[in-house]
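As stored in run35.csv (CSV, C-alpha atoms):
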chain,number,residue,atom,x,y,z
O,804,MET,CA,-112.5,45.0,-118.0
O,805,ARG,CA,-108.7,45.2,-118.5
O,806,SER,CA,-108.1,42.3,-116.1
O,807,ALA,CA,-110.9,40.2,-117.6
O,808,VAL,CA,-109.3,40.5,-121.0
O,809,ILE,CA,-105.9,39.5,-119.7
O,810,PHE,CA,-107.5,36.5,-117.9
O,811,ILE,CA,-109.3,35.4,-121.1
O,812,ALA,CA,-106.1,35.7,-123.1
O,813,GLY,CA,-104.5,33.4,-120.6
O,814,VAL,CA,-107.3,30.9,-120.9
O,815,LEU,CA,-107.1,31.0,-124.7
O,816,PHE,CA,-103.4,30.6,-124.7
O,817,ALA,CA,-103.5,27.5,-122.5
O,818,VAL,CA,-106.4,25.9,-124.4
O,819,GLY,CA,-104.5,26.6,-127.7
O,820,LEU,CA,-101.5,24.8,-126.4
O,821,GLY,CA,-103.6,21.8,-125.5
O,822,VAL,CA,-105.5,21.7,-128.8
O,823,SER,CA,-102.4,22.1,-130.8
O,824,GLY,CA,-100.6,19.1,-129.3
O,825,MET,CA,-97.8,21.1,-127.7
O,826,THR,CA,-98.7,19.7,-124.2
O,827,GLN,CA,-97.9,16.1,-125.3
O,828,PRO,CA,-94.1,15.6,-125.0
O,829,HIS,CA,-94.1,12.5,-127.3
O,830,LYS,CA,-95.4,14.9,-130.0
O,831,ILE,CA,-92.6,17.4,-129.3
O,832,ILE,CA,-90.0,14.6,-129.6
O,833,GLY,CA,-91.7,13.4,-132.8
O,834,PHE,CA,-91.4,17.0,-134.2
O,835,LEU,CA,-87.7,17.3,-133.1
O,836,ASP,CA,-86.8,13.9,-134.5
O,837,LEU,CA,-85.7,15.3,-137.8
O,838,LEU,CA,-83.4,12.3,-138.6
O,839,GLY,CA,-86.0,9.7,-137.6
O,840,SER,CA,-89.8,9.5,-138.1
O,841,TRP,CA,-90.3,13.2,-138.3
O,842,ASP,CA,-93.8,14.4,-137.4
O,843,PRO,CA,-94.1,17.9,-138.9
O,844,SER,CA,-97.6,18.6,-137.6
O,845,LEU,CA,-96.4,20.9,-134.8
O,846,LEU,CA,-94.9,23.2,-137.4
O,847,PHE,CA,-98.5,24.2,-138.1
O,848,VAL,CA,-98.9,25.6,-134.6
O,849,MET,CA,-96.4,28.2,-135.4
O,850,VAL,CA,-97.9,28.7,-138.9
O,851,GLY,CA,-101.4,29.3,-137.4
O,852,ALA,CA,-100.2,31.5,-134.6
O,853,VAL,CA,-97.8,33.7,-136.7
O,854,ALA,CA,-100.4,34.0,-139.5
O,855,ILE,CA,-102.9,35.6,-137.0
O,856,HIS,CA,-100.4,37.5,-134.9
O,857,SER,CA,-98.4,39.0,-137.7
O,858,ILE,CA,-101.6,40.8,-138.9
O,859,ALA,CA,-101.7,42.4,-135.4
O,860,TYR,CA,-98.3,43.9,-136.1
O,861,ILE,CA,-98.8,44.8,-139.7
O,862,THR,CA,-101.9,46.9,-138.8
O,863,LEU,CA,-100.3,48.3,-135.6
O,864,ASN,CA,-100.3,52.1,-135.2
O,865,LYS,CA,-97.7,52.9,-132.6
O,866,GLN,CA,-98.9,56.5,-132.2
O,867,LYS,CA,-102.4,55.4,-131.1
O,868,GLY,CA,-101.3,53.0,-128.4
O,869,PRO,CA,-103.2,49.9,-127.2
O,870,VAL,CA,-106.8,50.1,-126.1
O,871,PHE,CA,-106.2,49.8,-122.3
O,872,GLU,CA,-102.8,51.4,-122.0
O,873,SER,CA,-101.1,54.6,-123.0
O,874,SER,CA,-98.3,52.9,-125.0
O,875,TYR,CA,-96.9,49.5,-126.2
O,876,SER,CA,-94.3,47.7,-124.1
O,877,LEU,CA,-92.2,46.2,-126.9
O,878,PRO,CA,-88.5,45.1,-126.6
O,879,ASN,CA,-86.3,47.6,-128.3
O,880,SER,CA,-83.0,45.7,-128.3
O,881,GLU,CA,-81.8,44.6,-131.7
O,882,LYS,CA,-78.5,43.2,-130.6
O,883,ILE,CA,-77.7,39.6,-131.5
O,884,SER,CA,-75.8,38.9,-128.2
O,885,LYS,CA,-74.0,35.8,-126.9
O,886,LYS,CA,-76.6,35.7,-124.2
O,887,LEU,CA,-79.4,35.4,-126.7
O,888,ILE,CA,-77.8,32.6,-128.6
O,889,ILE,CA,-76.4,30.6,-125.7
O,890,GLY,CA,-79.6,31.0,-123.7
O,891,SER,CA,-81.7,29.8,-126.7
O,892,LEU,CA,-79.4,26.9,-127.4
O,893,LEU,CA,-79.6,25.7,-123.7
O,894,PHE,CA,-83.3,26.1,-123.9
O,895,GLY,CA,-83.4,23.9,-127.0
O,896,VAL,CA,-81.4,21.2,-125.4
O,897,GLY,CA,-83.7,21.2,-122.4
O,898,TRP,CA,-86.7,21.1,-124.7
O,899,GLY,CA,-85.3,18.1,-126.5
O,900,LEU,CA,-84.5,16.3,-123.2
O,901,SER,CA,-87.8,16.9,-121.5
O,902,GLY,CA,-90.3,17.3,-124.4
O,903,PHE,CA,-91.6,20.5,-122.6
O,904,CYS,CA,-91.3,24.2,-123.2
O,905,PRO,CA,-92.4,26.5,-120.4
O,906,GLY,CA,-96.1,27.1,-121.2
O,907,PRO,CA,-97.0,23.4,-122.0
O,908,GLY,CA,-95.0,22.3,-118.9
O,909,VAL,CA,-97.3,24.4,-116.7
O,910,VAL,CA,-100.5,23.4,-118.5
O,911,SER,CA,-99.5,19.7,-118.2
O,912,LEU,CA,-99.3,20.0,-114.4
O,913,PHE,CA,-103.0,19.2,-114.5
O,914,SER,CA,-102.2,15.7,-115.8
O,915,GLY,CA,-100.7,15.1,-112.3
O,916,ASN,CA,-97.8,13.3,-114.1
O,917,ILE,CA,-94.5,13.1,-112.1
O,918,ALA,CA,-92.7,14.2,-115.3
O,919,SER,CA,-94.7,17.5,-115.5
O,920,ILE,CA,-94.3,18.2,-111.8
O,921,SER,CA,-90.5,17.5,-111.9
O,922,PHE,CA,-90.1,19.6,-115.1
O,923,VAL,CA,-91.9,22.7,-113.7
O,924,ILE,CA,-90.1,22.6,-110.3
O,925,SER,CA,-86.7,22.2,-112.0
O,926,MET,CA,-87.5,24.9,-114.5
O,927,LEU,CA,-88.3,27.3,-111.7
O,928,ILE,CA,-85.0,26.3,-110.0
O,929,GLY,CA,-83.2,27.1,-113.3
O,930,MET,CA,-84.9,30.5,-113.5
O,931,PHE,CA,-83.9,31.1,-109.8
O,932,ALA,CA,-80.3,30.1,-110.6
O,933,PHE,CA,-80.2,32.6,-113.4
O,934,ARG,CA,-81.6,35.4,-111.2
O,935,GLN,CA,-79.0,34.7,-108.6
O,936,MET,CA,-76.1,34.6,-111.1
O,937,GLY,CA,-77.4,37.5,-113.0
O,938,LYS,CA,-77.9,39.9,-110.1
O,939,GLY,CA,-76.5,43.3,-111.2
O,940,GLU,CA,-76.3,42.0,-114.7
O,941,LYS,CA,-79.6,41.8,-116.4
O,942,ALA,CA,-80.5,39.8,-119.5
O,943,ASP,CA,-80.9,42.0,-122.6
O,944,GLY,CA,-84.3,42.7,-124.2
Q,926,MET,CA,-104.9,17.5,-144.5
Q,927,ASN,CA,-104.9,15.1,-141.6
Q,928,TYR,CA,-106.6,15.6,-138.3
Q,929,GLU,CA,-103.3,16.4,-136.4
Q,930,ILE,CA,-102.3,19.1,-138.8
Q,931,ILE,CA,-105.8,20.7,-138.5
Q,932,SER,CA,-105.8,20.6,-134.7
Q,933,SER,CA,-102.2,22.1,-134.6
Q,934,LEU,CA,-103.4,24.9,-136.9
Q,935,VAL,CA,-106.5,25.5,-134.8
Q,936,GLY,CA,-104.5,25.6,-131.6
Q,937,GLY,CA,-102.0,27.9,-133.2
Q,938,VAL,CA,-104.8,30.3,-134.2
Q,939,LEU,CA,-106.0,30.3,-130.6
Q,940,ILE,CA,-102.5,31.1,-129.4
Q,941,GLY,CA,-102.2,33.9,-132.1
Q,942,LEU,CA,-105.6,35.4,-130.9
Q,943,SER,CA,-104.4,35.4,-127.3
Q,944,ALA,CA,-101.1,37.1,-128.2
Q,945,THR,CA,-103.1,39.6,-130.3
Q,946,MET,CA,-105.4,40.4,-127.5
Q,947,MET,CA,-102.4,41.0,-125.2
Q,948,LEU,CA,-100.7,43.2,-127.8
Q,949,ARG,CA,-103.6,45.3,-129.2
Q,950,LEU,CA,-105.6,45.7,-126.0
Q,951,ASN,CA,-102.8,45.7,-123.3
Q,952,GLY,CA,-99.7,46.5,-125.3
Q,953,LYS,CA,-97.9,43.5,-123.9
Q,954,ILE,CA,-95.9,40.6,-125.3
Q,955,ALA,CA,-97.4,37.2,-124.4
Q,956,GLY,CA,-94.1,35.5,-123.5
Q,957,ILE,CA,-94.8,32.7,-121.1
Q,958,SER,CA,-91.3,32.3,-119.6
Q,959,GLY,CA,-91.2,36.0,-118.7
Q,960,ILE,CA,-94.8,35.9,-117.4
Q,961,LEU,CA,-93.8,32.9,-115.2
Q,962,GLU,CA,-90.7,34.6,-113.9
Q,963,GLY,CA,-92.5,37.8,-113.1
Q,964,SER,CA,-95.5,36.1,-111.4
Q,965,ILE,CA,-93.3,33.9,-109.2
Q,966,PHE,CA,-90.1,35.8,-108.5
Q,967,GLU,CA,-91.3,39.4,-108.7
Q,968,VAL,CA,-94.8,39.1,-107.1
Q,969,ARG,CA,-94.5,42.5,-105.4
Q,970,ASN,CA,-93.4,44.3,-108.6
Q,971,LYS,CA,-96.2,46.5,-110.0
Q,972,ASP,CA,-95.5,45.3,-113.5
Q,973,SER,CA,-96.1,41.7,-112.4
Q,974,ARG,CA,-99.9,42.3,-111.9
Q,975,TRP,CA,-100.9,41.6,-115.4
Q,976,LYS,CA,-98.6,38.6,-115.5
Q,977,ILE,CA,-100.2,37.1,-112.5
Q,978,ILE,CA,-103.7,37.6,-113.9
Q,979,PHE,CA,-102.6,36.1,-117.2
Q,980,LEU,CA,-101.1,33.1,-115.3
Q,981,LEU,CA,-104.4,32.6,-113.4
Q,982,GLY,CA,-106.2,32.5,-116.7
Q,983,PHE,CA,-103.6,30.2,-118.1
Q,984,LEU,CA,-104.1,27.8,-115.2
Q,985,PHE,CA,-107.9,28.0,-115.6
Q,986,GLY,CA,-107.3,27.0,-119.3
Q,987,GLY,CA,-105.3,24.0,-118.0
Q,988,LEU,CA,-108.1,23.0,-115.7
Q,989,TYR,CA,-110.5,23.3,-118.7
Q,990,LEU,CA,-108.3,20.9,-120.7
Q,991,LEU,CA,-108.2,18.4,-117.8
Q,992,LEU,CA,-112.0,18.4,-117.4
Q,993,PHE,CA,-113.1,18.5,-121.1
Q,994,GLN,CA,-110.2,17.5,-123.3
Q,995,SER,CA,-108.0,15.4,-121.1
Q,996,GLU,CA,-106.6,13.5,-124.1
Q,997,THR,CA,-104.5,16.7,-124.7
Q,998,LEU,CA,-102.6,16.0,-121.4
Q,999,ILE,CA,-101.4,12.5,-122.3
Q,1000,ASN,CA,-97.7,12.0,-122.1
Q,1001,LYS,CA,-96.3,8.9,-123.9
Q,1002,PHE,CA,-92.7,10.1,-123.8
Q,1003,ASN,CA,-91.1,7.6,-121.4
Q,1004,GLN,CA,-88.2,9.8,-120.5
Q,1005,SER,CA,-86.0,9.2,-117.5
Q,1006,ILE,CA,-86.9,11.4,-114.6
Q,1007,TRP,CA,-83.3,12.7,-114.3
Q,1008,LEU,CA,-83.2,13.8,-117.9
Q,1009,THR,CA,-86.5,15.5,-117.5
Q,1010,ILE,CA,-85.1,17.4,-114.4
Q,1011,LEU,CA,-82.0,18.3,-116.3
Q,1012,GLY,CA,-84.2,19.5,-119.2
Q,1013,GLY,CA,-86.2,21.6,-116.8
Q,1014,LEU,CA,-83.2,23.3,-115.4
Q,1015,LEU,CA,-81.9,24.1,-118.8
Q,1016,VAL,CA,-85.3,25.4,-120.0
Q,1017,GLY,CA,-85.6,27.7,-116.9
Q,1018,PHE,CA,-82.0,29.0,-117.1
Q,1019,GLY,CA,-81.8,29.2,-120.9
Q,1020,THR,CA,-85.1,31.0,-121.5
Q,1021,ARG,CA,-84.1,33.7,-119.0
Q,1022,LEU,CA,-80.6,34.1,-120.4
Q,1023,GLY,CA,-82.0,34.2,-123.9
Q,1024,SER,CA,-84.9,36.5,-122.9
Q,1025,GLY,CA,-87.7,34.3,-124.2
Q,1026,CYS,CA,-89.1,30.9,-125.2
Q,1027,THR,CA,-91.3,29.4,-127.9
Q,1028,SER,CA,-94.0,32.0,-127.2
Q,1029,GLY,CA,-92.1,35.2,-126.7
Q,1030,HIS,CA,-89.5,34.6,-129.5
Q,1031,GLY,CA,-91.2,31.8,-131.6
Q,1032,VAL,CA,-94.7,33.4,-131.9
Q,1033,CYS,CA,-94.6,37.0,-130.9
Q,1034,GLY,CA,-91.0,37.9,-132.0
Q,1035,VAL,CA,-91.3,36.0,-135.3
Q,1036,SER,CA,-94.6,37.7,-136.0
Q,1037,ARG,CA,-93.0,41.1,-135.3
Q,1038,LEU,CA,-90.1,40.1,-137.7
Q,1039,SER,CA,-87.6,40.7,-134.9
Q,1040,VAL,CA,-84.2,39.6,-136.0
Q,1041,ARG,CA,-83.3,38.7,-132.4
Q,1042,SER,CA,-86.3,36.4,-132.1
Q,1043,ILE,CA,-85.7,34.8,-135.5
Q,1044,VAL,CA,-82.1,34.0,-134.4
Q,1045,ALA,CA,-83.3,32.7,-131.0
Q,1046,THR,CA,-86.0,30.5,-132.6
Q,1047,MET,CA,-83.5,29.0,-135.1
Q,1048,SER,CA,-81.1,28.4,-132.2
Q,1049,PHE,CA,-83.6,26.6,-129.9
Q,1050,MET,CA,-85.0,24.6,-132.8
Q,1051,LEU,CA,-81.5,23.5,-134.0
Q,1052,ALA,CA,-80.5,22.6,-130.4
Q,1053,GLY,CA,-83.7,20.6,-130.0
Q,1054,PHE,CA,-83.2,18.7,-133.3
Q,1055,ALA,CA,-79.5,18.0,-132.3
Q,1056,THR,CA,-80.4,16.8,-128.8
Q,1057,VAL,CA,-83.0,14.3,-130.0
Q,1058,ALA,CA,-80.7,13.2,-132.9
Q,1059,VAL,CA,-77.8,12.6,-130.5
Q,1060,LEU,CA,-79.8,10.9,-127.7
Q,1061,LYS,CA,-82.0,8.8,-130.0
Q,1062,HIS,CA,-79.9,7.9,-132.9
Q,1063,LEU,CA,-76.3,8.0,-131.5
Q,1064,PHE,CA,-77.0,6.6,-128.0
Q,1065,ASN,CA,-80.2,4.8,-128.7
Q,1066,PHE,CA,-81.7,6.2,-125.5
Q,1067,GLY,CA,-84.6,4.3,-124.1
Q,1068,GLY,CA,-87.2,7.0,-123.7
Q,1069,PHE,CA,-87.2,7.9,-127.4
Q,1070,HIS,CA,-89.3,5.4,-129.1

What is this file in structure tokens?
Amino acid sequence: MRSAVIFIAGVLFAVGLGVSGMTQPHKIIGFLDLLGSWDPSLLFVMVGAVAIHSIAYITLNKQKGPVFESSYSLPNSEKISKKLIIGSLLFGVGWGLSGFCPGPGVVSLFSGNIASISFVISMLIGMFAFRQMGKGEKADG
Amino acid sequence: MNYEIISSLVGGVLIGLSATMMLRLNGKIAGISGILEGSIFEVRNKDSRWKIIFLLGFLFGGLYLLLFQSETLINKFNQSIWLTILGGLLVGFGTRLGSGCTSGHGVCGVSRLSVRSIVATMSFMLAGFATVAVLKHLFNFGGFH
């Protein structure tokens, strides 16, 4: 039951990314093109997702715990670190260069496009590089 | 409201529902970059089990899109392959250094009103805006139509 729910959540997430337009890099670039012909429609992906998900947090009772686990695994760091900001800036540059963020990149593998395949392979290499560099020194959060 | 805004909203609601299932039923944050890292680089770790199951569902969702909504997988961004590869490297490295991406920070963290995630989201959005502005408007780069 627990695994089935996680699997279904994975399916919903991927389908949501597709339906929302996040899996089409030209739309991402249109959204990031603030100085040009800006296409704000992808802003509504965040609006829809946050509208639903914030209710899940507002009504959350930490004492009770989630249905299938004994407690919530939530990040407890509140530190605004250099790692957080530099990492996010680098991610943003990569997002603007490729038109992909991690989830949509993986979903778009099913298009068979060389761009998607190259993106996902290089993203995994980037993660691997971080793990090699960061050995002994973990990311916060 | 036009069709694109409505489909973005509907897709966003599905993403929000998925993140809510993960939180309220399993107590986990649906952060895709962390799920990917765990499923691929920490396969033997016990805490990666749920991540692998989620990723399998995620791939199944991608297959569903290919079979029934293949228009969602169209890519009209004619980017140079080298810039795509550079982008991928930066996305992989940056999301791990910054502990999250559009899903973990942008959706889950912002919904939780986490200051860290709000700062991260503003940072990657600003960097994305700046990157497209510089490449398209300053250098008139080909791939950006």

Quiz item: When you draw a straight line from atom CA of Q:Met946 to atom CA of O:Cys904, how long is it in Å?
Solution: 21.9 Å

Using all atoms listed in the file, what residues lie at most 12 Å away from (-81.5, 32.5, -138.1) (file coordinates), given as a PDB file with C-alpha atoms, in the coordinates of the input?
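Here's the written file point-v1.pdb:
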ATOM      1  CA  ILE O 883     -77.700  39.600-131.500  1.00  0.00           C
ATOM      2  CA  LEU O 887     -79.400  35.400-126.700  1.00  0.00           C
ATOM      3  CA  ILE O 888     -77.800  32.600-128.600  1.00  0.00           C
ATOM      4  CA  SER O 891     -81.700  29.800-126.700  1.00  0.00           C
TER       5      SER O 891
ATOM      6  CA  HIS Q1030     -89.500  34.600-129.500  1.00  0.00           C
ATOM      7  CA  GLY Q1031     -91.200  31.800-131.600  1.00  0.00           C
ATOM      8  CA  VAL Q1035     -91.300  36.000-135.300  1.00  0.00           C
ATOM      9  CA  LEU Q1038     -90.100  40.100-137.700  1.00  0.00           C
ATOM     10  CA  SER Q1039     -87.600  40.700-134.900  1.00  0.00           C
ATOM     11  CA  VAL Q1040     -84.200  39.600-136.000  1.00  0.00           C
ATOM     12  CA  ARG Q1041     -83.300  38.700-132.400  1.00  0.00           C
ATOM     13  CA  SER Q1042     -86.300  36.400-132.100  1.00  0.00           C
ATOM     14  CA  ILE Q1043     -85.700  34.800-135.500  1.00  0.00           C
ATOM     15  CA  VAL Q1044     -82.100  34.000-134.400  1.00  0.00           C
ATOM     16  CA  ALA Q1045     -83.300  32.700-131.000  1.00  0.00           C
ATOM     17  CA  THR Q1046     -86.000  30.500-132.600  1.00  0.00           C
ATOM     18  CA  MET Q1047     -83.500  29.000-135.100  1.00  0.00           C
ATOM     19  CA  SER Q1048     -81.100  28.400-132.200  1.00  0.00           C
ATOM     20  CA  PHE Q1049     -83.600  26.600-129.900  1.00  0.00           C
ATOM     21  CA  MET Q1050     -85.000  24.600-132.800  1.00  0.00           C
ATOM     22  CA  LEU Q1051     -81.500  23.500-134.000  1.00  0.00           C
TER      23      LEU Q1051
END

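Between atom CA of Q:Gly941 and atom CA of Q:Gly963 lies a distance of 21.7 Å.
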
Practice problem: Name the closest residue to chain O among the candidates Q:Ser1028, Q:Ser1036, Q:Ser995, Q:Asn1003; distances are taken between atoms, counting all atoms listed in the file. | Solution: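 Looking at the shortest contact to chain O, the residue is Q:Ser1036.
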
Quiz item: Any idea what's packed within 7 Å of stretch 915-930 of chain O, counting all atoms listed in the file, ignoring anything in its chain fewer than 3 positions away? Could you give it as a list in words?
Solution: Gly908, Val909, Ser911, Leu912, Phe933 and Arg934 of chain O; Ile1006, Thr1009, Ile1010, Gly1013, Leu1014, Leu1015, Val1016, Gly1017, Phe1018 and Arg1021 of chain Q
